[in-house]
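Below: entry.txt (compact mmCIF, C-alpha atoms and all ligand atoms)
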# COMPACT_ATOMS: atom_id res chain seq x y z
CA MET A 31 -53.41 -168.45 -5.91
CA PRO A 32 -50.67 -166.00 -4.98
CA VAL A 33 -48.13 -167.36 -2.55
CA ASN A 34 -47.37 -164.85 0.15
CA LYS A 35 -44.27 -166.39 1.58
CA ILE A 36 -40.84 -166.47 0.00
CA THR A 37 -39.82 -169.79 -1.49
CA THR A 38 -36.11 -170.53 -1.43
CA ILE A 39 -34.51 -173.02 -3.79
CA LYS A 40 -30.88 -173.92 -3.22
CA THR A 41 -28.89 -174.28 -6.41
CA ASN A 42 -25.34 -175.60 -6.75
CA LYS A 43 -23.60 -172.46 -5.51
CA SER A 44 -26.40 -169.99 -4.98
CA GLU A 45 -30.02 -169.52 -3.96
CA ILE A 46 -33.17 -168.58 -5.81
CA PHE A 47 -35.78 -166.58 -3.89
CA ILE A 48 -39.33 -166.26 -5.22
CA GLY A 49 -42.28 -164.39 -3.77
CA GLU A 50 -44.24 -161.19 -3.36
CA GLN A 51 -41.81 -159.94 -0.69
CA VAL A 52 -38.65 -160.80 -2.55
CA LEU A 53 -37.57 -157.23 -3.28
CA GLY A 54 -37.73 -156.50 0.45
CA LEU A 55 -35.49 -159.51 0.96
CA LEU A 56 -33.07 -158.08 -1.61
CA ALA A 57 -32.99 -154.80 0.33
CA GLU A 58 -32.01 -156.73 3.47
CA TYR A 59 -29.49 -158.79 1.54
CA LEU A 60 -27.77 -155.66 0.24
CA ARG A 61 -27.67 -153.82 3.57
CA PRO A 62 -24.54 -155.53 4.97
CA TYR A 63 -23.07 -156.07 1.51
CA GLN A 64 -19.67 -154.43 1.15
CA ALA A 65 -19.83 -153.54 -2.54
CA SER A 66 -17.51 -150.69 -3.54
CA LYS A 67 -20.08 -149.66 -6.15
CA ILE A 68 -23.34 -151.12 -7.39
CA PHE A 69 -24.34 -151.15 -11.06
CA VAL A 70 -27.74 -152.12 -12.43
CA LEU A 71 -27.87 -153.37 -16.01
CA VAL A 72 -31.19 -152.75 -17.77
CA ASP A 73 -32.65 -152.41 -21.24
CA GLU A 74 -35.17 -149.73 -22.18
CA ASN A 75 -38.12 -151.95 -21.22
CA THR A 76 -36.89 -153.04 -17.82
CA LEU A 77 -35.77 -149.47 -17.15
CA GLU A 78 -39.34 -148.34 -17.78
CA HIS A 79 -41.32 -151.22 -16.28
CA CYS A 80 -39.17 -152.73 -13.53
CA MET A 81 -36.61 -150.19 -12.35
CA PRO A 82 -39.13 -147.84 -10.65
CA THR A 83 -40.47 -150.69 -8.47
CA LEU A 84 -36.95 -151.84 -7.69
CA LEU A 85 -35.92 -148.34 -6.61
CA LEU A 86 -39.03 -148.03 -4.49
CA GLU A 87 -38.32 -151.27 -2.64
CA VAL A 88 -34.53 -151.21 -2.45
CA SER A 89 -33.27 -147.86 -1.27
CA ALA A 90 -29.62 -148.99 -1.41
CA LEU A 91 -29.97 -148.78 -5.18
CA HIS A 92 -30.63 -145.02 -5.18
CA GLN A 93 -26.86 -144.57 -5.34
CA ALA A 94 -26.37 -147.24 -8.00
CA GLU A 95 -25.21 -146.48 -11.53
CA ILE A 96 -27.76 -147.60 -14.09
CA ILE A 97 -26.30 -148.98 -17.31
CA GLU A 98 -28.80 -149.21 -20.15
CA ILE A 99 -28.43 -151.19 -23.34
CA ASP A 100 -30.84 -151.70 -26.24
CA SER A 101 -33.13 -154.70 -25.84
CA GLY A 102 -33.06 -157.70 -28.15
CA GLU A 103 -31.12 -160.86 -28.89
CA GLU A 104 -29.24 -159.02 -31.67
CA ASN A 105 -27.49 -157.10 -28.89
CA LYS A 106 -26.30 -160.20 -27.05
CA THR A 107 -22.86 -159.80 -28.57
CA LEU A 108 -19.21 -159.35 -27.70
CA GLU A 109 -19.40 -155.80 -29.09
CA ILE A 110 -21.93 -154.86 -26.40
CA CYS A 111 -19.84 -156.69 -23.78
CA TYR A 112 -16.87 -154.57 -24.84
CA GLN A 113 -18.95 -151.43 -24.25
CA LEU A 114 -20.07 -152.75 -20.88
CA TRP A 115 -16.53 -153.61 -19.76
CA LYS A 116 -15.46 -150.11 -20.86
CA THR A 117 -18.36 -148.53 -18.96
CA LEU A 118 -17.41 -150.41 -15.78
CA ALA A 119 -13.80 -149.31 -16.23
CA ALA A 120 -14.87 -145.70 -16.82
CA TYR A 121 -16.64 -145.78 -13.44
CA HIS A 122 -13.47 -147.28 -11.90
CA ALA A 123 -15.36 -150.41 -10.92
CA ASP A 124 -12.99 -152.57 -8.89
CA ARG A 125 -13.09 -156.23 -7.83
CA ASN A 126 -15.61 -155.41 -5.09
CA ALA A 127 -18.15 -153.90 -7.45
CA LEU A 128 -21.54 -155.60 -7.77
CA LEU A 129 -23.56 -155.88 -10.97
CA ILE A 130 -27.32 -156.40 -10.70
CA ASN A 131 -28.87 -157.72 -13.91
CA LEU A 132 -32.48 -156.58 -14.19
CA GLY A 133 -34.03 -158.07 -17.28
CA GLY A 134 -34.81 -161.03 -19.47
CA GLY A 135 -32.44 -163.78 -20.50
CA VAL A 136 -30.44 -161.46 -22.74
CA ILE A 137 -29.61 -159.17 -19.82
CA THR A 138 -28.96 -161.99 -17.33
CA ASP A 139 -26.87 -164.08 -19.78
CA MET A 140 -24.79 -161.15 -20.99
CA GLY A 141 -24.60 -159.31 -17.67
CA GLY A 142 -23.52 -162.54 -16.00
CA PHE A 143 -20.78 -163.00 -18.59
CA VAL A 144 -19.56 -159.41 -18.32
CA ALA A 145 -19.44 -159.65 -14.52
CA SER A 146 -17.72 -163.05 -14.61
CA THR A 147 -14.94 -161.79 -16.84
CA TYR A 148 -14.43 -158.17 -15.72
CA LYS A 149 -11.26 -158.10 -13.59
CA ARG A 150 -11.44 -161.91 -13.53
CA GLY A 151 -14.88 -161.79 -12.00
CA ILE A 152 -17.00 -159.46 -9.88
CA ASP A 153 -20.15 -160.44 -7.98
CA PHE A 154 -23.48 -160.30 -9.73
CA ILE A 155 -27.12 -160.76 -8.78
CA ASN A 156 -29.89 -161.63 -11.22
CA ILE A 157 -33.40 -160.23 -11.09
CA PRO A 158 -35.04 -161.98 -14.03
CA THR A 159 -38.05 -160.15 -15.41
CA THR A 160 -39.44 -162.37 -18.17
CA LEU A 161 -41.17 -165.72 -17.84
CA LEU A 162 -38.31 -167.33 -19.74
CA ALA A 163 -35.65 -165.80 -17.54
CA GLN A 164 -37.55 -166.61 -14.33
CA ALA A 165 -38.56 -170.18 -15.15
CA ASP A 166 -35.47 -171.28 -17.04
CA ALA A 167 -32.44 -168.97 -17.44
CA SER A 168 -32.49 -168.27 -13.68
CA VAL A 169 -31.14 -171.77 -12.97
CA GLY A 170 -27.86 -173.33 -13.96
CA GLY A 171 -25.21 -170.62 -14.15
CA LYS A 172 -24.91 -170.42 -17.92
CA THR A 173 -23.75 -166.99 -19.03
CA GLY A 174 -22.67 -165.88 -22.46
CA VAL A 175 -23.27 -164.19 -25.78
CA ASP A 176 -23.82 -165.10 -29.43
CA LEU A 177 -20.99 -165.04 -31.96
CA ASP A 178 -21.81 -164.06 -35.56
CA GLY A 179 -25.38 -165.13 -34.95
CA ILE A 180 -24.43 -168.52 -33.49
CA LYS A 181 -26.23 -168.80 -30.19
CA ASN A 182 -24.31 -168.67 -26.92
CA SER A 183 -20.96 -169.45 -28.55
CA VAL A 184 -18.89 -167.55 -26.00
CA GLY A 185 -19.54 -167.80 -22.30
CA VAL A 186 -18.74 -169.31 -18.94
CA PHE A 187 -20.54 -171.22 -16.22
CA LYS A 188 -20.89 -168.89 -13.24
CA GLU A 189 -23.73 -168.62 -10.77
CA PRO A 190 -24.94 -165.27 -9.48
CA LYS A 191 -24.65 -164.47 -5.76
CA GLY A 192 -28.43 -164.67 -5.60
CA ILE A 193 -31.45 -164.80 -7.89
CA PHE A 194 -34.51 -162.78 -6.86
CA ILE A 195 -37.74 -163.60 -8.69
CA TYR A 196 -40.59 -161.13 -8.41
CA THR A 197 -43.38 -162.50 -10.57
CA ASN A 198 -45.34 -159.21 -10.58
CA PHE A 199 -42.76 -157.99 -13.11
CA LEU A 200 -44.46 -160.32 -15.61
CA GLN A 201 -47.56 -158.11 -15.66
CA THR A 202 -46.03 -155.78 -18.25
CA LEU A 203 -44.75 -158.58 -20.47
CA ASN A 204 -46.47 -158.85 -23.85
CA LYS A 205 -48.17 -162.04 -24.97
CA LYS A 206 -45.40 -163.00 -27.38
CA GLU A 207 -42.86 -162.93 -24.56
CA VAL A 208 -45.12 -164.91 -22.25
CA LEU A 209 -45.48 -167.58 -24.93
CA SER A 210 -41.74 -167.61 -25.46
CA GLY A 211 -41.15 -168.39 -21.80
CA PHE A 212 -43.94 -170.91 -21.70
CA ALA A 213 -42.13 -173.07 -24.27
CA GLU A 214 -39.33 -173.73 -21.78
CA VAL A 215 -41.86 -174.45 -19.04
CA LEU A 216 -43.45 -177.04 -21.35
CA LYS A 217 -40.04 -178.48 -22.17
CA HIS A 218 -39.17 -179.03 -18.52
CA SER A 219 -42.34 -181.05 -18.07
CA LEU A 220 -41.86 -183.06 -21.26
CA ILE A 221 -38.40 -184.26 -20.30
CA LYS A 222 -39.03 -184.98 -16.64
CA ASP A 223 -42.53 -184.63 -15.25
CA ALA A 224 -45.64 -186.05 -16.89
CA ASN A 225 -47.90 -184.71 -14.13
CA HIS A 226 -46.63 -181.19 -14.68
CA TRP A 227 -47.30 -181.63 -18.41
CA LYS A 228 -50.90 -182.67 -17.63
CA LYS A 229 -51.31 -179.60 -15.42
CA LEU A 230 -49.92 -177.30 -18.10
CA SER A 231 -52.07 -178.90 -20.81
CA SER A 232 -55.21 -178.02 -18.93
CA ILE A 233 -54.60 -174.32 -18.28
CA SER A 234 -55.70 -171.44 -20.44
CA LEU A 235 -52.73 -169.12 -20.75
CA SER A 236 -54.85 -165.99 -20.95
CA GLU A 237 -56.33 -166.85 -17.56
CA VAL A 238 -53.05 -167.32 -15.72
CA HIS A 239 -52.46 -164.29 -13.52
CA HIS A 240 -50.27 -165.90 -10.92
CA TRP A 241 -47.26 -167.61 -12.38
CA GLU A 242 -45.48 -168.36 -9.15
CA ALA A 243 -46.46 -172.01 -8.73
CA PHE A 244 -45.68 -172.86 -12.37
CA ILE A 245 -42.33 -171.11 -12.17
CA ILE A 246 -41.41 -172.89 -8.94
CA ASP A 247 -42.24 -176.28 -10.53
CA ALA A 248 -40.20 -175.48 -13.64
CA ILE A 249 -37.22 -174.31 -11.59
CA ARG A 250 -37.33 -177.37 -9.36
CA ILE A 251 -37.27 -179.70 -12.36
CA LYS A 252 -34.33 -177.90 -13.96
CA ASN A 253 -32.46 -177.46 -10.68
CA GLU A 254 -32.65 -181.16 -9.88
CA ILE A 255 -31.04 -181.96 -13.23
CA VAL A 256 -28.37 -179.26 -12.95
CA LEU A 257 -27.44 -180.28 -9.40
CA ASN A 258 -26.63 -183.77 -10.70
CA ASP A 259 -24.62 -182.47 -13.64
CA PRO A 260 -23.62 -178.78 -13.38
CA PHE A 261 -21.31 -178.74 -16.42
CA GLU A 262 -23.42 -180.69 -18.90
CA GLN A 263 -21.37 -183.85 -19.04
CA GLY A 264 -24.46 -186.05 -19.03
CA GLU A 265 -27.93 -185.62 -17.55
CA ARG A 266 -28.02 -181.85 -18.10
CA LYS A 267 -28.15 -182.55 -21.83
CA LEU A 268 -31.80 -183.54 -21.23
CA LEU A 269 -32.52 -179.81 -21.11
CA ASN A 270 -31.45 -179.55 -24.74
CA PHE A 271 -34.66 -181.20 -25.90
CA GLY A 272 -36.07 -179.01 -28.69
CA HIS A 273 -32.88 -176.96 -28.80
CA THR A 274 -30.81 -178.70 -31.49
CA ILE A 275 -33.32 -177.81 -34.19
CA GLY A 276 -34.76 -174.88 -32.21
CA HIS A 277 -31.44 -173.05 -31.87
CA ALA A 278 -30.70 -173.53 -35.59
CA ILE A 279 -34.11 -172.06 -36.47
CA GLU A 280 -33.59 -169.23 -33.98
CA SER A 281 -30.14 -168.42 -35.42
CA TYR A 282 -31.53 -168.60 -38.96
CA SER A 283 -34.42 -166.32 -38.07
CA LEU A 284 -32.07 -163.83 -36.38
CA LEU A 285 -29.93 -163.68 -39.51
CA HIS A 286 -32.75 -163.45 -42.06
CA ASP A 287 -36.13 -162.39 -40.66
CA GLU A 288 -37.26 -158.81 -40.26
CA THR A 289 -39.03 -159.77 -37.04
CA PRO A 290 -36.99 -162.68 -35.72
CA LEU A 291 -38.62 -165.50 -33.78
CA LYS A 292 -38.34 -165.30 -30.01
CA HIS A 293 -36.17 -167.93 -28.36
CA GLY A 294 -39.11 -169.93 -27.03
CA GLU A 295 -41.03 -169.71 -30.29
CA ALA A 296 -38.09 -171.34 -32.03
CA ILE A 297 -37.82 -173.93 -29.26
CA ALA A 298 -41.52 -174.76 -29.68
CA ILE A 299 -40.81 -175.59 -33.35
CA GLY A 300 -37.73 -177.54 -32.26
CA MET A 301 -39.81 -179.54 -29.79
CA LEU A 302 -42.33 -180.47 -32.51
CA CYS A 303 -39.58 -181.64 -34.89
CA GLU A 304 -37.68 -183.45 -32.16
CA SER A 305 -40.86 -185.13 -30.89
CA TYR A 306 -41.35 -186.41 -34.42
CA ILE A 307 -37.77 -187.76 -34.41
CA SER A 308 -38.46 -189.24 -30.96
CA LYS A 309 -41.35 -191.19 -32.42
CA ARG A 310 -39.28 -192.43 -35.35
CA LYS A 311 -36.23 -193.31 -33.30
CA ASN A 312 -36.82 -193.39 -29.57
CA GLY A 313 -40.07 -195.18 -28.86
CA LEU A 314 -42.36 -192.17 -28.39
CA THR A 315 -45.85 -193.41 -29.22
CA ALA A 316 -47.93 -191.95 -32.03
CA SER A 317 -50.56 -190.83 -29.51
CA ALA A 318 -47.95 -189.00 -27.39
CA LEU A 319 -46.64 -187.27 -30.52
CA LYS A 320 -50.20 -186.27 -31.36
CA GLU A 321 -50.82 -184.96 -27.84
CA ILE A 322 -47.64 -182.86 -27.92
CA THR A 323 -48.36 -181.62 -31.44
CA THR A 324 -51.95 -180.68 -30.63
CA LEU A 325 -50.98 -178.65 -27.57
CA ILE A 326 -47.98 -176.85 -29.07
CA THR A 327 -49.70 -175.98 -32.36
CA SER A 328 -52.71 -174.68 -30.42
CA ILE A 329 -50.44 -172.17 -28.64
CA TYR A 330 -47.86 -171.09 -31.21
CA ASP A 331 -48.34 -169.48 -34.61
CA ALA A 332 -47.12 -171.35 -37.65
CA TYR A 333 -43.71 -170.40 -39.07
CA ILE A 334 -42.79 -171.17 -42.66
CA ILE A 335 -39.50 -173.06 -43.05
CA ASP A 336 -38.85 -172.95 -46.77
CA ASP A 337 -37.09 -176.11 -47.93
CA SER A 338 -34.44 -173.96 -49.64
CA THR A 339 -33.25 -173.12 -46.11
CA TYR A 340 -32.81 -176.73 -44.97
CA HIS A 341 -29.14 -176.83 -45.95
CA GLU A 342 -28.34 -173.73 -43.91
CA LEU A 343 -30.27 -175.12 -40.94
CA ILE A 344 -28.32 -178.37 -41.04
CA GLU A 345 -25.04 -176.43 -41.15
CA LEU A 346 -26.18 -174.42 -38.12
CA MET A 347 -27.01 -177.65 -36.28
CA LYS A 348 -23.60 -179.09 -37.09
CA ASN A 349 -22.05 -175.90 -35.68
CA ASP A 350 -23.92 -176.31 -32.42
CA LYS A 351 -21.48 -176.51 -29.53
CA LYS A 352 -23.37 -179.49 -28.13
CA ASN A 353 -22.11 -181.73 -30.94
CA GLU A 354 -19.08 -183.90 -30.70
CA GLY A 355 -17.44 -184.52 -34.08
CA ALA A 356 -19.59 -184.53 -37.21
CA GLU A 357 -22.72 -186.16 -35.78
CA ILE A 358 -25.78 -184.17 -34.81
CA ASN A 359 -26.69 -184.99 -31.25
CA PHE A 360 -30.21 -184.88 -29.90
CA THR A 361 -32.13 -185.32 -26.71
CA LEU A 362 -35.17 -187.42 -27.56
CA LEU A 363 -38.32 -188.31 -25.66
CA SER A 364 -39.15 -191.95 -24.98
CA LYS A 365 -42.48 -190.89 -23.46
CA ILE A 366 -44.00 -187.74 -22.02
CA GLY A 367 -41.97 -187.02 -18.90
CA LYS A 368 -38.93 -189.05 -19.91
CA ALA A 369 -36.04 -188.33 -22.26
CA ASP A 370 -32.65 -189.71 -23.32
CA TYR A 371 -29.61 -187.70 -24.35
CA ASN A 372 -26.68 -188.26 -26.74
CA LYS A 373 -28.85 -189.69 -29.49
CA SER A 374 -27.18 -189.17 -32.84
CA VAL A 375 -29.57 -188.70 -35.72
CA ASP A 376 -29.08 -188.93 -39.50
CA VAL A 377 -29.44 -185.74 -41.48
CA ASP A 378 -32.21 -187.40 -43.54
CA LEU A 379 -34.35 -187.91 -40.45
CA VAL A 380 -33.77 -184.31 -39.38
CA LEU A 381 -34.99 -183.17 -42.81
CA GLU A 382 -38.00 -185.47 -42.48
CA SER A 383 -38.86 -183.81 -39.18
CA LEU A 384 -38.73 -180.36 -40.79
CA ASN A 385 -41.12 -181.69 -43.44
CA TYR A 386 -43.36 -182.99 -40.64
CA TYR A 387 -43.45 -179.49 -39.14
CA ASN A 388 -44.18 -177.86 -42.50
CA ALA A 389 -46.95 -180.36 -43.24
CA LEU A 390 -48.66 -179.38 -39.95
CA ASN A 391 -48.89 -175.86 -41.23
CA SER A 392 -50.39 -176.80 -44.57
CA ASP A 393 -53.20 -178.86 -42.98
P1 LIG B 401 -35.09 -160.84 -23.61
O1 LIG B 401 -34.12 -160.66 -22.53
O2 LIG B 401 -34.75 -160.32 -24.96
O3 LIG B 401 -36.48 -160.21 -23.15
C1 LIG B 401 -37.56 -160.21 -24.01
C2 LIG B 401 -38.17 -158.81 -24.18
O4 LIG B 401 -38.93 -158.52 -23.02
C3 LIG B 401 -37.15 -157.70 -24.32
O5 LIG B 401 -37.63 -156.76 -25.25
C4 LIG B 401 -37.12 -157.07 -22.93
O6 LIG B 401 -36.75 -155.72 -22.97
C5 LIG B 401 -38.57 -157.23 -22.53
N1 LIG B 401 -38.81 -157.27 -21.11
C6 LIG B 401 -38.09 -157.87 -20.14
N2 LIG B 401 -38.73 -157.82 -18.96
C7 LIG B 401 -39.88 -157.14 -19.18
C8 LIG B 401 -40.96 -156.77 -18.35
N3 LIG B 401 -41.02 -157.16 -17.07
N4 LIG B 401 -41.97 -156.06 -18.91
C9 LIG B 401 -41.96 -155.73 -20.21
N5 LIG B 401 -40.96 -156.06 -21.05
C10 LIG B 401 -39.94 -156.76 -20.54
O7 LIG B 401 -35.44 -162.36 -23.86
P2 LIG B 401 -35.84 -163.59 -22.92
O8 LIG B 401 -36.87 -164.31 -23.66
O9 LIG B 401 -36.09 -163.18 -21.53
O10 LIG B 401 -34.50 -164.45 -22.90
C11 LIG B 401 -33.97 -165.00 -24.09
C12 LIG B 401 -32.51 -165.26 -23.89
O11 LIG B 401 -32.32 -166.15 -22.77
C13 LIG B 401 -31.86 -165.92 -25.07
O12 LIG B 401 -30.68 -165.23 -25.37
C14 LIG B 401 -31.54 -167.33 -24.60
O13 LIG B 401 -30.40 -167.86 -25.22
C15 LIG B 401 -31.33 -167.10 -23.14
N6 LIG B 401 -31.52 -168.29 -22.31
C16 LIG B 401 -30.59 -168.56 -21.37
C17 LIG B 401 -30.71 -169.67 -20.57
C18 LIG B 401 -29.69 -169.97 -19.52
O14 LIG B 401 -29.74 -171.04 -18.92
N7 LIG B 401 -28.78 -169.06 -19.23
C19 LIG B 401 -31.81 -170.51 -20.72
C20 LIG B 401 -32.77 -170.20 -21.68
C21 LIG B 401 -32.61 -169.08 -22.47
Would you give me this structure, written as structure tokens?
Ligand code: NAD
Amino acid sequence: MPVNKITTIKTNKSEIFIGEQVLGLLAEYLRPYQASKIFVLVDENTLEHCMPTLLLEVSALHQAEIIEIDSGEENKTLEICYQLWKTLAAYHADRNALLINLGGGVITDMGGFVASTYKRGIDFINIPTTLLAQADASVGGKTGVDLDGIKNSVGVFKEPKGIFIYTNFLQTLNKKEVLSGFAEVLKHSLIKDANHWKKLSSISLSEVHHWEAFIIDAIRIKNEIVLNDPFEQGERKLLNFGHTIGHAIESYSLLHDETPLKHGEAIAIGMLCESYISKRKNGLTASALKEITTLITSIYDAYIIDDSTYHELIELMKNDKKNEGAEINFTLLSKIGKADYNKSVDVDLVLESLNYYNALNSD
């Protein structure tokens, strides 16, 4: 059912607004705003699919400068940041300029980083337009870019002034992108909320037309964790479930595949491998592993991880910024809806989990 009111979720230093009327709320929010100049960062897809609606609803943006970059994770780089900083400077953007990031996680992560560093920080607002960006990247203030293919190596924690989620933007998202976002929604339930997992297990993705309730649940789970630990000293590491192996596979795919895996597709593989490790090392029962495996493999296409790539994957995992020293750190499930962080795992068991994943695909 569509929800006609606006839901507000307070984050550490900001607020997330979700609802059908949220763009009207943004128009009101901007009216008294004393920005010297407003910029809207888009890629070609959000320029085509989201910008017209935004302009229709928020007349203050008719005077805004639109900055367009090419879509794709391969553009989440310092080189593109350099171009963006130069563009802001060319428009004489000063400390009172405002950057509105209209896009998926690439735009909100990179736009947030550019805004946070330009002239030591200008205000920014995020309007996430993918399921992944709405349900996950919208919360927590992580901004940043990849460095030589290593995910999110350079960045800062900085929350936007506000986050405005208009779920109708998801209507133009292709299935692959919906699935990518859904992986993070599943992850939130696996680490913290067994009831939410049950709910998600019973829906047919092709029949979901109204994402609002699922997105609100996912945000609430993540927000509760981030509020307790904004800078990832402890509990926030729970959110890394699926990401130690998932990020390595994503980085590998970005470097080598013609059509790289989407973030969430890689995280889905990571969650399968890390659920296997959870069974071997953290008390996850065989039936829970089976339940997780059955659901995830029913949603996501198989990906071949050739064993000749294992060495490179392990090196990528060791490079992960979440590690301390030489050990590879994991967040592991103890049951569906409960996880533990800072679990160091032997390389041999990591390799075994990759074999587990590969064996699923040969069945
Ligand atoms: P993305 O930004 O690349 O968007 C995916 C694709 O969808 C792009 O081609 C984009 O142009 C297109 N698109 C966006 N909105 C659309 C719309 N409404 N209609 C049609 N097409 C649209 O990728 P993503 O999956 O949104 O985000 C992935 C990124 O998010 C990764 O870089 C990941 O590291 C990051 N991330 C950040 C956090 C965080 O906490 N900051 C959390 C999870 C992921």
If we count only C-alpha atoms, what is near stretch 318-330 of chain A at a cut-off of 10 Å, once residues fewer than 2 positions away on the same chain are taken out, given as a compact mmCIF listing (two decimals) with C-alpha atoms, in the coordinates of the input?
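Contents of part07.txt, as written:
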# COMPACT_ATOMS: atom_id res chain seq x y z
CA LYS A 206 -45.40 -163.00 -27.38
CA LEU A 209 -45.48 -167.58 -24.93
CA SER A 210 -41.74 -167.61 -25.46
CA PHE A 212 -43.94 -170.91 -21.70
CA ALA A 213 -42.13 -173.07 -24.27
CA LEU A 216 -43.45 -177.04 -21.35
CA LEU A 220 -41.86 -183.06 -21.26
CA TRP A 227 -47.30 -181.63 -18.41
CA LEU A 230 -49.92 -177.30 -18.10
CA SER A 231 -52.07 -178.90 -20.81
CA SER A 232 -55.21 -178.02 -18.93
CA SER A 234 -55.70 -171.44 -20.44
CA LEU A 235 -52.73 -169.12 -20.75
CA GLY A 294 -39.11 -169.93 -27.03
CA GLU A 295 -41.03 -169.71 -30.29
CA ALA A 296 -38.09 -171.34 -32.03
CA ALA A 298 -41.52 -174.76 -29.68
CA ILE A 299 -40.81 -175.59 -33.35
CA MET A 301 -39.81 -179.54 -29.79
CA LEU A 302 -42.33 -180.47 -32.51
CA CYS A 303 -39.58 -181.64 -34.89
CA GLU A 304 -37.68 -183.45 -32.16
CA SER A 305 -40.86 -185.13 -30.89
CA TYR A 306 -41.35 -186.41 -34.42
CA ILE A 307 -37.77 -187.76 -34.41
CA SER A 308 -38.46 -189.24 -30.96
CA LYS A 309 -41.35 -191.19 -32.42
CA LEU A 314 -42.36 -192.17 -28.39
CA THR A 315 -45.85 -193.41 -29.22
CA ALA A 316 -47.93 -191.95 -32.03
CA ALA A 332 -47.12 -171.35 -37.65
CA TYR A 333 -43.71 -170.40 -39.07
CA LEU A 363 -38.32 -188.31 -25.66
CA SER A 364 -39.15 -191.95 -24.98
CA LYS A 365 -42.48 -190.89 -23.46
CA ILE A 366 -44.00 -187.74 -22.02
CA TYR A 387 -43.45 -179.49 -39.14
CA LEU A 390 -48.66 -179.38 -39.95
CA ASN A 391 -48.89 -175.86 -41.23
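With all atoms listed in the file as the atoms that count, the residue of A:Ile275, A:Leu284, A:Leu203, A:Ile130 with the shortest distance to A:Leu162 is A:Leu203.
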Using only C-alpha atoms, determine which residues lie at most 7 Å from A:Met140, disregarding the query and same-chain residues fewer than 2 positions distant; provide the list as number ranges by chain. A: 106, 136-138, 142-144, 173-175
Would you name the residues within 8 Å of ligand LIG 401 (chain B), counting only C-alpha atoms and all ligand atoms, and put them as a short mmCIF file (atom, residue, chain, number, x, y, z; two decimals) with C-alpha atoms, in the coordinates of the input?
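Full text of part-v5.cif as output:
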data_model
loop_
_atom_site.label_atom_id
_atom_site.label_comp_id
_atom_site.auth_asym_id
_atom_site.auth_seq_id
_atom_site.Cartn_x
_atom_site.Cartn_y
_atom_site.Cartn_z
CA ASP A 73 -32.65 -152.41 -21.24
CA GLU A 74 -35.17 -149.73 -22.18
CA ASN A 75 -38.12 -151.95 -21.22
CA THR A 76 -36.89 -153.04 -17.82
CA HIS A 79 -41.32 -151.22 -16.28
CA CYS A 80 -39.17 -152.73 -13.53
CA ASP A 100 -30.84 -151.70 -26.24
CA SER A 101 -33.13 -154.70 -25.84
CA GLY A 102 -33.06 -157.70 -28.15
CA GLU A 103 -31.12 -160.86 -28.89
CA LYS A 106 -26.30 -160.20 -27.05
CA LEU A 132 -32.48 -156.58 -14.19
CA GLY A 133 -34.03 -158.07 -17.28
CA GLY A 134 -34.81 -161.03 -19.47
CA GLY A 135 -32.44 -163.78 -20.50
CA VAL A 136 -30.44 -161.46 -22.74
CA ILE A 137 -29.61 -159.17 -19.82
CA THR A 138 -28.96 -161.99 -17.33
CA ASP A 139 -26.87 -164.08 -19.78
CA PRO A 158 -35.04 -161.98 -14.03
CA THR A 159 -38.05 -160.15 -15.41
CA THR A 160 -39.44 -162.37 -18.17
CA LEU A 161 -41.17 -165.72 -17.84
CA LEU A 162 -38.31 -167.33 -19.74
CA ALA A 163 -35.65 -165.80 -17.54
CA ASP A 166 -35.47 -171.28 -17.04
CA ALA A 167 -32.44 -168.97 -17.44
CA SER A 168 -32.49 -168.27 -13.68
CA VAL A 169 -31.14 -171.77 -12.97
CA GLY A 170 -27.86 -173.33 -13.96
CA GLY A 171 -25.21 -170.62 -14.15
CA LYS A 172 -24.91 -170.42 -17.92
CA THR A 173 -23.75 -166.99 -19.03
CA GLY A 174 -22.67 -165.88 -22.46
CA VAL A 175 -23.27 -164.19 -25.78
CA ASP A 176 -23.82 -165.10 -29.43
CA LYS A 181 -26.23 -168.80 -30.19
CA ASN A 182 -24.31 -168.67 -26.92
CA PHE A 199 -42.76 -157.99 -13.11
CA LEU A 200 -44.46 -160.32 -15.61
CA GLN A 201 -47.56 -158.11 -15.66
CA THR A 202 -46.03 -155.78 -18.25
CA LEU A 203 -44.75 -158.58 -20.47
CA ASN A 204 -46.47 -158.85 -23.85
CA GLU A 207 -42.86 -162.93 -24.56
CA SER A 210 -41.74 -167.61 -25.46
CA GLY A 211 -41.15 -168.39 -21.80
CA GLU A 214 -39.33 -173.73 -21.78
CA LYS A 292 -38.34 -165.30 -30.01
CA HIS A 293 -36.17 -167.93 -28.36
CA GLY A 294 -39.11 -169.93 -27.03
#
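Here atom CA of A:Ile99 stands at a distance of 18.2 Å from atom CA of A:Ser146.
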Looking at only C-alpha atoms, which of A:Phe244, A:Ile180, A:Lys373, A:Leu108 is the one that sits closest to A:Ser283? A:Ile180
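The shortest atom-to-atom distance to A:Gln64, with all atoms listed in the file taken into account, belongs to A:Ala90 out of A:Ile36, A:Ile246, A:Val52, A:Ala90.
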d(atom CA of A:Val380, atom CA of A:Asn312) in Å: 13.7 Å
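Atom CA of A:Ser374 to atom CA of A:Asn359 spans 4.5 Å [interatomic distance, one decimal].
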Build an axis-aligned box that encloses every atom of stretch 211-230 of chain A listed in the file, pad it by 8 Å on each side, and report its centre and edge lengths in Å to one decimal, as lines of an AutoDock Vina configuration file.
center_x = -44.9
center_y = -177.2
center_z = -19.2
size_x = 28.9
size_y = 33.7
size_z = 26.1
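Around A:Phe69, within 10 Å and counting only C-alpha atoms, the residues found are Leu91, Gln93, Ala94, Glu95, Ile96, Ile97, Leu118, Tyr121, Ala123, Ala127, Leu128, Leu129, Ile130, Asn131 and Phe154 of chain A, once anything fewer than 6 positions away on its own chain is removed.
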